[in-house]
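Engineer: Below is coords-v2.cif; it holds mmCIF, C-alpha atoms and all ligand atoms.
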data_target
loop_
_atom_site.label_atom_id
_atom_site.label_comp_id
_atom_site.auth_asym_id
_atom_site.auth_seq_id
_atom_site.Cartn_x
_atom_site.Cartn_y
_atom_site.Cartn_z
CA MET A 1 -16.35 12.18 4.23
CA GLU A 2 -16.85 14.50 7.21
CA PRO A 3 -15.32 17.91 6.44
CA ILE A 4 -11.97 18.58 8.06
CA VAL A 5 -12.38 21.87 9.89
CA PRO A 6 -9.92 24.68 10.72
CA GLY A 7 -7.42 23.84 13.43
CA ALA A 8 -6.64 20.44 11.89
CA MET A 9 -3.12 19.52 10.74
CA LEU A 10 -2.75 19.11 6.96
CA GLY A 11 0.25 17.40 5.37
CA LEU A 12 2.15 18.57 2.31
CA LEU A 13 4.71 16.64 0.27
CA GLY A 14 7.16 19.08 -1.28
CA GLY A 15 8.51 22.38 -0.07
CA GLY A 16 8.65 24.55 -3.21
CA GLN A 17 6.81 27.77 -3.99
CA LEU A 18 3.54 26.01 -4.82
CA GLY A 19 3.72 24.44 -1.37
CA ARG A 20 4.49 27.78 0.23
CA MET A 21 1.38 29.30 -1.34
CA PHE A 22 -0.66 26.29 -0.14
CA VAL A 23 0.64 26.81 3.41
CA MET A 24 -0.27 30.51 3.24
CA ALA A 25 -3.83 29.70 2.10
CA ALA A 26 -4.21 27.00 4.77
CA HIS A 27 -2.95 29.37 7.47
CA GLN A 28 -5.36 32.08 6.38
CA MET A 29 -8.19 29.62 6.94
CA GLY A 30 -6.92 28.49 10.34
CA TYR A 31 -5.34 25.15 9.44
CA GLN A 32 -1.87 23.98 10.44
CA VAL A 33 0.52 22.36 7.98
CA THR A 34 3.35 19.85 8.24
CA VAL A 35 5.70 19.94 5.25
CA LEU A 36 7.94 17.04 4.23
CA ASP A 37 10.91 17.88 2.00
CA ALA A 38 14.58 16.88 1.78
CA ASP A 39 15.73 20.51 1.66
CA PRO A 40 16.09 21.86 5.22
CA ASP A 41 15.59 25.43 3.92
CA SER A 42 12.69 25.03 1.47
CA PRO A 43 10.25 27.92 0.75
CA ALA A 44 7.27 26.02 2.21
CA GLY A 45 9.18 24.23 4.97
CA ARG A 46 10.32 27.54 6.40
CA ILE A 47 6.80 28.80 7.04
CA ALA A 48 5.23 25.44 8.02
CA ASP A 49 4.01 24.70 11.55
CA GLN A 50 6.01 21.49 11.50
CA PHE A 51 8.72 20.34 9.16
CA ILE A 52 9.98 16.83 8.44
CA CYS A 53 13.32 16.89 6.64
CA ALA A 54 13.31 13.65 4.63
CA GLU A 55 13.29 12.09 1.18
CA TYR A 56 9.95 11.00 -0.33
CA ALA A 57 11.08 7.37 -0.17
CA ASP A 58 11.75 7.51 3.60
CA ARG A 59 9.04 5.18 4.91
CA ALA A 60 9.59 6.06 8.58
CA ALA A 61 9.28 9.78 7.83
CA LEU A 62 6.13 9.18 5.76
CA LYS A 63 4.68 7.21 8.67
CA ARG A 64 5.35 10.15 11.01
CA LEU A 65 3.64 12.49 8.54
CA GLY A 66 0.69 10.15 8.10
CA GLU A 67 0.18 9.77 11.85
CA GLN A 68 -0.02 13.47 12.56
CA CYS A 69 -2.18 14.68 9.66
CA ALA A 70 -5.90 14.72 8.96
CA ALA A 71 -5.30 14.78 5.17
CA ILE A 72 -2.29 15.06 2.89
CA THR A 73 -1.63 16.75 -0.45
CA THR A 74 1.34 17.39 -2.74
CA GLU A 75 2.82 20.32 -4.59
CA PHE A 76 5.22 18.32 -6.74
CA GLU A 77 4.29 15.76 -9.39
CA ASN A 78 7.35 13.58 -9.10
CA ILE A 79 6.37 12.14 -5.73
CA PRO A 80 6.76 8.35 -5.98
CA ALA A 81 3.31 6.78 -6.24
CA ALA A 82 4.39 4.35 -3.51
CA ALA A 83 4.73 7.24 -1.04
CA LEU A 84 1.15 8.38 -1.73
CA ALA A 85 -0.08 4.80 -1.46
CA GLN A 86 1.65 4.38 1.93
CA LEU A 87 0.21 7.66 3.22
CA SER A 88 -3.30 6.73 2.14
CA GLU A 89 -3.21 3.96 4.77
CA PHE A 90 -3.21 6.72 7.42
CA CYS A 91 -5.50 9.40 6.04
CA PHE A 92 -7.12 10.92 2.98
CA VAL A 93 -4.57 11.75 0.26
CA SER A 94 -5.28 13.98 -2.73
CA PRO A 95 -4.25 13.87 -5.54
CA ASP A 96 -4.40 10.07 -5.60
CA ALA A 97 -1.45 7.84 -6.47
CA LYS A 98 -2.98 6.78 -9.78
CA SER A 99 -3.50 10.30 -11.15
CA VAL A 100 -0.03 11.34 -10.04
CA SER A 101 1.62 8.33 -11.64
CA ILE A 102 -0.19 8.98 -14.93
CA ALA A 103 0.76 12.67 -15.00
CA GLN A 104 4.38 12.21 -13.96
CA ASN A 105 5.27 10.14 -16.99
CA ARG A 106 4.75 11.50 -20.51
CA ILE A 107 4.24 7.99 -21.88
CA SER A 108 1.44 7.04 -19.47
CA GLU A 109 0.00 10.56 -19.75
CA LYS A 110 -0.22 10.37 -23.55
CA GLN A 111 -1.57 6.81 -23.44
CA PHE A 112 -4.22 7.77 -20.89
CA LEU A 113 -5.32 10.81 -22.93
CA GLN A 114 -5.39 8.85 -26.17
CA ALA A 115 -7.30 5.94 -24.63
CA ASN A 116 -9.93 8.41 -23.43
CA ASP A 117 -10.26 10.06 -26.86
CA PHE A 118 -8.63 13.38 -25.97
CA SER A 119 -6.63 14.87 -28.78
CA VAL A 120 -2.85 15.01 -28.30
CA ALA A 121 0.05 15.80 -30.64
CA PRO A 122 1.00 12.84 -32.88
CA PHE A 123 3.73 10.96 -31.02
CA ALA A 124 5.83 7.81 -30.83
CA ILE A 125 7.33 6.13 -27.78
CA ILE A 126 11.09 5.79 -28.11
CA GLU A 127 12.70 3.32 -25.72
CA GLN A 128 15.71 2.03 -27.62
CA ALA A 129 18.20 3.57 -30.00
CA ASP A 130 17.42 2.71 -33.62
CA GLN A 131 14.10 1.05 -32.69
CA PHE A 132 12.41 3.00 -35.47
CA LYS A 133 14.62 1.35 -38.10
CA ASN A 134 12.61 -1.00 -40.36
CA ASP A 135 9.52 0.91 -39.26
CA LYS A 136 9.10 -0.99 -36.00
CA VAL A 137 8.03 2.35 -34.55
CA PRO A 138 6.93 4.63 -37.41
CA VAL A 139 8.38 8.10 -36.95
CA ALA A 140 8.53 9.40 -40.52
CA GLY A 141 5.48 11.67 -40.09
CA LEU A 142 6.77 13.19 -36.83
CA PHE A 143 9.51 15.49 -38.17
CA PRO A 144 10.29 18.21 -37.36
CA GLY A 145 9.64 16.93 -33.88
CA ILE A 146 10.56 17.32 -30.23
CA LEU A 147 12.10 14.44 -28.30
CA LYS A 148 11.06 14.67 -24.64
CA VAL A 149 12.26 12.51 -21.76
CA SER A 150 9.29 10.66 -20.30
CA GLN A 151 10.04 11.58 -16.69
CA PHE A 152 11.40 14.47 -14.64
CA GLY A 153 11.37 17.01 -17.49
CA TYR A 154 10.11 20.49 -16.58
CA ASP A 155 10.37 24.07 -17.85
CA GLY A 156 11.53 22.79 -21.26
CA LYS A 157 14.36 20.73 -19.74
CA GLY A 158 14.90 17.25 -21.15
CA GLN A 159 13.76 18.24 -24.67
CA LYS A 160 15.56 18.32 -28.01
CA HIS A 161 14.33 19.43 -31.41
CA VAL A 162 15.00 16.81 -34.09
CA ASN A 163 14.58 16.96 -37.85
CA ASN A 164 15.24 13.43 -39.07
CA GLU A 165 16.00 9.87 -37.97
CA ALA A 166 19.72 10.46 -37.61
CA GLY A 167 19.04 13.50 -35.42
CA LEU A 168 16.51 11.52 -33.39
CA ASN A 169 18.99 8.75 -32.74
CA ALA A 170 21.74 11.17 -31.72
CA ALA A 171 19.35 13.09 -29.44
CA PHE A 172 18.10 9.87 -27.83
CA ILE A 173 21.65 8.73 -27.07
CA ASP A 174 22.40 12.23 -25.80
CA MET A 175 19.46 11.84 -23.38
CA LYS A 176 21.24 8.74 -21.99
CA SER A 177 18.74 6.46 -23.77
CA VAL A 178 16.05 6.89 -21.12
CA PRO A 179 12.46 6.28 -22.30
CA CYS A 180 11.25 9.25 -24.35
CA VAL A 181 8.32 10.52 -26.36
CA LEU A 182 8.88 11.93 -29.84
CA GLU A 183 6.23 14.53 -30.53
CA LYS A 184 5.44 16.21 -33.82
CA LYS A 185 6.04 19.94 -33.65
CA LEU A 186 2.67 21.62 -34.16
CA PRO A 187 1.90 25.07 -35.61
CA LEU A 188 0.69 26.94 -32.52
CA LYS A 189 -1.55 29.98 -32.59
CA CYS A 190 -1.11 30.22 -28.84
CA GLU A 191 -1.07 28.15 -25.65
CA VAL A 192 -3.83 28.15 -23.07
CA SER A 193 -4.45 26.36 -19.80
CA VAL A 194 -7.36 25.57 -17.56
CA VAL A 195 -6.92 25.19 -13.82
CA LEU A 196 -9.86 23.51 -12.17
CA THR A 197 -10.85 21.92 -8.91
CA ARG A 198 -12.90 18.77 -8.63
CA GLY A 199 -14.50 18.23 -5.24
CA CYS A 200 -15.50 15.05 -3.43
CA ASP A 201 -18.94 14.82 -5.02
CA GLY A 202 -17.57 15.31 -8.56
CA GLU A 203 -18.40 19.04 -8.54
CA VAL A 204 -16.05 20.89 -10.91
CA VAL A 205 -15.21 24.60 -10.57
CA CYS A 206 -12.88 26.12 -13.18
CA PHE A 207 -10.79 29.25 -13.22
CA PRO A 208 -11.07 31.34 -16.39
CA VAL A 209 -9.03 30.16 -19.38
CA VAL A 210 -5.46 31.48 -19.28
CA GLU A 211 -3.28 32.40 -22.28
CA ASN A 212 0.35 31.44 -21.68
CA GLN A 213 3.47 32.77 -23.37
CA HIS A 214 6.65 30.74 -22.91
CA VAL A 215 10.25 31.81 -23.46
CA ASN A 216 12.88 29.06 -23.81
CA GLY A 217 10.27 26.50 -22.70
CA ILE A 218 9.56 28.37 -19.43
CA LEU A 219 6.31 30.20 -18.68
CA ASP A 220 6.96 33.93 -19.03
CA VAL A 221 3.57 35.65 -19.02
CA SER A 222 -0.03 34.53 -18.35
CA ILE A 223 -2.91 36.63 -19.68
CA VAL A 224 -6.41 36.31 -18.21
CA PRO A 225 -8.91 35.90 -19.71
CA ALA A 226 -7.19 34.27 -22.71
CA ARG A 227 -7.67 36.21 -25.95
CA VAL A 228 -9.50 33.37 -27.71
CA SER A 229 -13.04 33.05 -29.04
CA ALA A 230 -15.86 32.33 -26.60
CA GLU A 231 -16.34 29.00 -28.38
CA THR A 232 -12.67 27.99 -27.90
CA ALA A 233 -12.77 29.02 -24.23
CA LYS A 234 -15.92 26.97 -23.69
CA GLN A 235 -14.35 23.95 -25.36
CA ALA A 236 -11.18 24.23 -23.26
CA LEU A 237 -13.20 24.33 -20.01
CA GLU A 238 -15.29 21.39 -21.13
CA ILE A 239 -12.30 19.25 -22.17
CA ALA A 240 -10.47 20.02 -18.92
CA GLY A 241 -13.52 18.98 -16.90
CA ASN A 242 -13.74 15.76 -18.91
CA VAL A 243 -10.07 14.99 -18.18
CA ALA A 244 -10.69 15.43 -14.44
CA ALA A 245 -13.74 13.19 -14.65
CA ALA A 246 -11.85 10.51 -16.61
CA LEU A 247 -9.24 10.45 -13.83
CA ASN A 248 -11.97 10.48 -11.18
CA TYR A 249 -9.80 13.25 -9.85
CA ARG A 250 -10.11 15.08 -6.57
CA GLY A 251 -8.15 18.27 -6.04
CA VAL A 252 -6.67 20.99 -8.23
CA LEU A 253 -5.70 19.99 -11.77
CA CYS A 254 -4.16 21.97 -14.61
CA VAL A 255 -4.70 21.03 -18.25
CA GLU A 256 -2.32 22.75 -20.69
CA PHE A 257 -3.42 23.06 -24.30
CA PHE A 258 -1.97 24.00 -27.64
CA LEU A 259 -4.38 26.05 -29.73
CA LEU A 260 -3.44 25.25 -33.31
CA GLU A 261 -3.55 27.68 -36.18
CA ASN A 262 -6.60 25.81 -37.52
CA GLY A 263 -8.47 26.46 -34.26
CA GLN A 264 -8.12 22.92 -32.89
CA LEU A 265 -7.37 22.41 -29.19
CA VAL A 266 -4.79 19.72 -28.42
CA ILE A 267 -3.82 18.72 -24.88
CA ASN A 268 -0.11 19.29 -24.20
CA GLU A 269 0.15 18.04 -20.63
CA ILE A 270 -1.65 17.78 -17.33
CA ALA A 271 -0.41 18.67 -13.85
CA PRO A 272 -2.06 17.12 -10.76
CA ARG A 273 -1.64 20.24 -8.62
CA PRO A 274 -1.97 24.02 -8.66
CA HIS A 275 -0.01 25.47 -11.56
CA ASN A 276 2.18 28.46 -12.32
CA SER A 277 -0.43 29.60 -14.87
CA GLY A 278 -2.99 29.75 -12.03
CA HIS A 279 -1.04 32.14 -9.79
CA PHE A 280 -3.11 35.06 -11.05
CA SER A 281 -6.01 33.62 -9.02
CA ILE A 282 -4.36 34.67 -5.72
CA ASP A 283 -4.91 38.34 -6.47
CA ALA A 284 -7.52 38.42 -9.22
CA CYS A 285 -10.12 35.84 -8.15
CA LEU A 286 -12.44 35.60 -5.18
CA THR A 287 -10.99 32.16 -4.38
CA SER A 288 -7.39 31.24 -5.28
CA GLN A 289 -6.18 27.91 -6.64
CA PHE A 290 -4.49 27.28 -3.27
CA GLU A 291 -7.64 27.93 -1.26
CA GLN A 292 -9.41 25.50 -3.62
CA GLN A 293 -6.67 22.94 -2.91
CA VAL A 294 -7.35 23.31 0.83
CA ARG A 295 -11.11 23.11 0.26
CA ALA A 296 -10.93 19.98 -1.93
CA LEU A 297 -8.52 18.32 0.50
CA CYS A 298 -10.72 19.07 3.50
CA GLY A 299 -14.00 18.03 1.85
CA LEU A 300 -15.38 21.58 1.98
CA PRO A 301 -17.62 23.07 -0.71
CA LEU A 302 -15.51 24.71 -3.43
CA GLY A 303 -15.18 28.49 -3.57
CA ASN A 304 -16.45 30.95 -6.16
CA THR A 305 -13.64 31.67 -8.65
CA VAL A 306 -15.10 34.81 -10.20
CA LEU A 307 -12.43 37.08 -11.71
CA HIS A 308 -12.38 40.58 -10.16
CA GLN A 309 -10.57 42.12 -13.14
CA PRO A 310 -8.59 41.06 -16.20
CA CYS A 311 -4.95 40.54 -15.27
CA VAL A 312 -1.47 39.59 -16.43
CA MET A 313 1.02 37.54 -14.43
CA VAL A 314 4.75 37.86 -15.11
CA ASN A 315 7.26 35.29 -13.84
CA LEU A 316 10.47 36.47 -12.21
CA LEU A 317 13.31 34.08 -13.02
CA GLY A 318 16.74 33.94 -11.42
CA ASP A 319 18.29 35.59 -14.48
CA LEU A 320 16.91 38.88 -13.19
CA TRP A 321 19.29 38.68 -10.21
CA GLN A 322 22.48 38.66 -12.30
CA ASN A 323 23.39 42.16 -11.13
CA GLY A 324 22.19 41.67 -7.57
CA GLU A 325 18.76 42.09 -5.97
CA PRO A 326 16.35 43.84 -8.36
CA ASP A 327 14.89 47.22 -7.32
CA TRP A 328 11.52 46.02 -5.98
CA LEU A 329 10.28 49.56 -5.38
CA LEU A 330 9.82 49.80 -9.15
CA VAL A 331 7.14 47.10 -8.82
CA LEU A 332 5.80 48.00 -5.38
CA GLN A 333 5.08 51.60 -6.34
CA GLN A 334 2.56 50.39 -8.96
CA SER A 335 -0.83 50.57 -7.29
CA SER A 336 -2.63 47.70 -9.08
CA THR A 337 0.29 45.29 -9.08
CA LYS A 338 0.94 42.52 -6.56
CA LEU A 339 4.50 41.29 -6.00
CA HIS A 340 5.20 37.75 -4.81
CA LEU A 341 8.70 36.58 -3.89
CA TYR A 342 9.20 32.96 -2.89
CA GLY A 343 12.06 33.42 -0.43
CA LYS A 344 14.57 31.31 -2.37
CA ARG A 345 18.07 32.19 -1.22
CA ILE A 346 19.93 31.31 -4.42
CA ALA A 347 18.96 32.82 -7.78
CA ARG A 348 20.00 30.52 -10.62
CA PRO A 349 19.21 31.36 -14.26
CA GLY A 350 15.79 29.89 -15.15
CA ARG A 351 14.85 29.33 -11.50
CA LYS A 352 11.38 30.60 -10.55
CA MET A 353 12.02 33.20 -7.84
CA GLY A 354 8.73 35.07 -7.81
CA HIS A 355 6.04 36.67 -9.95
CA PHE A 356 3.89 39.77 -10.11
CA THR A 357 0.28 40.17 -11.18
CA VAL A 358 -1.11 43.33 -12.73
CA LEU A 359 -4.86 44.00 -12.72
CA GLY A 360 -6.52 46.30 -15.24
CA ALA A 361 -9.90 47.43 -16.51
CA THR A 362 -9.23 45.48 -19.73
CA VAL A 363 -6.78 42.76 -20.75
CA ASP A 364 -5.01 45.24 -23.02
CA GLN A 365 -4.61 47.72 -20.19
CA ALA A 366 -3.19 45.08 -17.84
CA LEU A 367 -0.86 43.83 -20.56
CA THR A 368 0.44 47.29 -21.43
CA LYS A 369 1.11 47.97 -17.76
CA ALA A 370 2.78 44.57 -17.23
CA LEU A 371 5.09 45.08 -20.21
CA HIS A 372 5.97 48.54 -18.91
CA ILE A 373 6.90 47.12 -15.48
CA LYS A 374 8.90 44.35 -17.15
CA GLN A 375 10.92 46.99 -18.94
CA LEU A 376 11.36 49.08 -15.79
CA ILE A 377 13.00 46.19 -13.95
CA GLY A 378 15.09 45.15 -16.93
CA LEU A 379 13.04 42.25 -18.33
CA ASP A 380 12.41 42.67 -22.04
P1 LIG B 1 7.49 21.15 -19.85
O1 LIG B 1 7.07 19.93 -19.12
O2 LIG B 1 8.94 21.42 -19.70
O3 LIG B 1 6.59 22.34 -19.59
P2 LIG B 1 6.22 21.02 -22.48
O4 LIG B 1 6.01 19.72 -23.13
O5 LIG B 1 5.06 21.74 -21.94
O6 LIG B 1 7.35 20.79 -21.38
O7 LIG B 1 7.00 21.96 -23.50
C1 LIG B 1 7.42 23.26 -23.17
C2 LIG B 1 7.02 24.22 -24.27
O8 LIG B 1 7.61 23.84 -25.54
C3 LIG B 1 5.53 24.25 -24.55
O9 LIG B 1 4.86 25.08 -23.64
C4 LIG B 1 5.51 24.77 -25.99
O10 LIG B 1 5.75 26.16 -26.03
C5 LIG B 1 6.71 24.07 -26.62
N1 LIG B 1 6.28 22.77 -27.21
C6 LIG B 1 6.29 21.58 -26.59
N2 LIG B 1 5.81 20.60 -27.39
C7 LIG B 1 5.47 21.18 -28.56
C8 LIG B 1 4.92 20.69 -29.79
N3 LIG B 1 4.60 19.40 -29.97
N4 LIG B 1 4.71 21.59 -30.79
C9 LIG B 1 5.03 22.90 -30.63
N5 LIG B 1 5.55 23.42 -29.49
C10 LIG B 1 5.78 22.58 -28.45
MG MG B 2 4.58 22.56 -20.04
#
Let's see the structure in the file written out as structure tokens.
Structural biologist:
Amino acid sequence: MEPIVPGAMLGLLGGGQLGRMFVMAAHQMGYQVTVLDADPDSPAGRIADQFICAEYADRAALKRLGEQCAAITTEFENIPAAALAQLSEFCFVSPDAKSVSIAQNRISEKQFLQANDFSVAPFAIIEQADQFKNDKVPVAGLFPGILKVSQFGYDGKGQKHVNNEAGLNAAFIDMKSVPCVLEKKLPLKCEVSVVLTRGCDGEVVCFPVVENQHVNGILDVSIVPARVSAETAKQALEIAGNVAAALNYRGVLCVEFFLLENGQLVINEIAPRPHNSGHFSIDACLTSQFEQQVRALCGLPLGNTVLHQPCVMVNLLGDLWQNGEPDWLLVLQQSSTKLHLYGKRIARPGRKMGHFTVLGATVDQALTKALHIKQLIGLD
């Protein structure tokens, strides 16, 4: 493919904060962006060159997008595969419909990973109440476990902890009996992720391994580089690259892992897009995950992702707004800290409103500083 050069119009499905950061990276490099989203006031839509206010299933709107763009990407994994397939009749689309449809459903995601010999948590597919009775679907070894809806779950939503068959049945009915995955709860030492980019010729460039701390199922803090052994970090990068190759993927991909107490790495989930745990790259790497998304989409060589300094990223959730707008000067007066606010007008509890990244000479120094700033603004 001939590289798409600056000045061209790029398309983006989804108007959230990941899209906004894509638009900012594309603008920096001289591209224009058309965003399609159903929200007339979305974070990315507001700063786009052109905005199409429409649902992802609106074929006429998709046609308009396809006709005016040189290439199209997404920031949201629940785009219907049919929309990506339709768009690919007009121009290059990345990520591809197949990768997105695998990643957007926990059942197909687990089946794909298992079929390709990647290690995942022991699981069972639960599609009907009581289907595990008489051992039709063996679940005995999966307790205590977590029942997760197969689609549209995020930030720990659509999950219930279950301890036995009766609890499983009740939880499944509580989830409106939609298809689910029951996953064995594993003893975690920590969680890590790898964000990588795979270019058109199969070239893979990774960001450093990230250590992620979640609170209530939502990412709270990312620490870079992850405090794991060199061997574990090497394995994580290698496995992530193998996942991208198995998907024949093009674009930015995140692979989230559980690191078990016994040292084993198990894949938790994959995201076919830039990821919250890669936001540190905007301020701490020579090339950010969003610039890589532009580069992969446009068929350009990938950028160098070298880390300038160890860093810690802290998410800012809507809960922080409960007493009004936080005092941002407390963050802005810190000289090695970068504040990002996504321009969302309504702050709901659990909603991702922004983040800040703290750089330091060492991971410990960055972490100490980040925890201090968290305390200053009232996040404990
Ligand atoms: P989401 O799509 O909402 O991010 P995840 O499946 O990643 O859902 O689960 C959210 C968090 O819940 C994980 O980051 C991890 O902390 C915890 N968790 C999920 N599954 C397991 C498991 N099998 N064992 C232990 N902890 C888990
Ligand atoms: Mg997750």
Engineer: Kindly compile the residues surrounding ligand LIG 1 (chain B) within 10 Å, counting all atoms listed in the file, and format them as a ChimeraX atom specification.
Structural biologist: /A:104,106,120-123,142,144-161,182-192,212-219,256-260,266-271
Engineer: From the list A:Arg273, A:Gly30, A:Gln111, A:Cys91, which residue is nearest Ile79 (chain A) when using all atoms listed in the file?
Structural biologist: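 Result for the nearest residue to Ile79 (chain A): A:Arg273.
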Engineer: Given 3 Å of margin on each side, can you work out the centre and size in Å (one decimal) of an axis-aligned box holding every listed atom of region 319-336 of chain A, as JSON?
Structural biologist:
{"center_x": 10.4, "center_y": 43.6, "center_z": -9.9, "size_x": 32.0, "size_y": 22.0, "size_z": 15.1}
Engineer: List the neighbours of region 132-137 of chain A out to 12 Å using all atoms listed in the file; skip same-chain residues closer than 5 positions along the sequence, and give me the result as a list in words.
Structural biologist: Phe123, Ala124, Ile125, Ile126, Glu127, Leu142, Asn164, Glu165, Ala166, Leu168, Asn169, Phe172, Val181 and Leu182 of chain A
Engineer: Rank nothing, just name the residue among A:Leu302, A:Ser193, A:Ala240, A:Leu379 nearest to ligand MG 2 (chain B), using all atoms listed in the file.
Structural biologist: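 Counting all atoms listed in the file, the residue closest to ligand MG 2 (chain B) is A:Ser193.
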Engineer: Just give me the gap between CA of Ile282 (chain A) and CA of Lys338 (chain A) in Å, one decimal is fine.
Structural biologist: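 It comes out at 9.5 Å.
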Engineer: Which residue gives the smallest distance to ligand MG 2 (chain B) among A:Val255, A:Ala44, A:Ala61, A:Cys53, with all atoms listed in the file counted?
Structural biologist: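 For ligand MG 2 (chain B), the nearest of the given residues is A:Val255.
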Engineer: Could you name the residues that touch Ala370 (chain A) at 9 Å or less, counting all atoms listed in the file, but leaving out those on the same chain fewer than 2 positions away, as an NGL selection string?
Structural biologist: :A and (311-314 or 337 or 356-359 or 365-368 or 372-375)
Engineer: Please measure the separation of CA of Met1 (chain A) and CA of Glu203 (chain A), giving the value in Å to one decimal.
Structural biologist: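 Separating CA of Met1 (chain A) from CA of Glu203 (chain A) is a distance of 14.6 Å.
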Engineer: Which residue gives the smallest distance to ligand MG 2 (chain B) among A:Leu247, A:His275, A:Pro80, A:Asn116, with all atoms listed in the file counted?
Structural biologist: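 Closest residue, counting all atoms listed in the file: A:His275.
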Engineer: Return the single residue from A:Val35, A:Ile346, A:Ala103, A:Ala48 that is closest to Trp321 (chain A), with distances computed using only C-alpha atoms.
Structural biologist: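 Once distances to Trp321 (chain A) are computed over only C-alpha atoms, the minimum belongs to A:Ile346.
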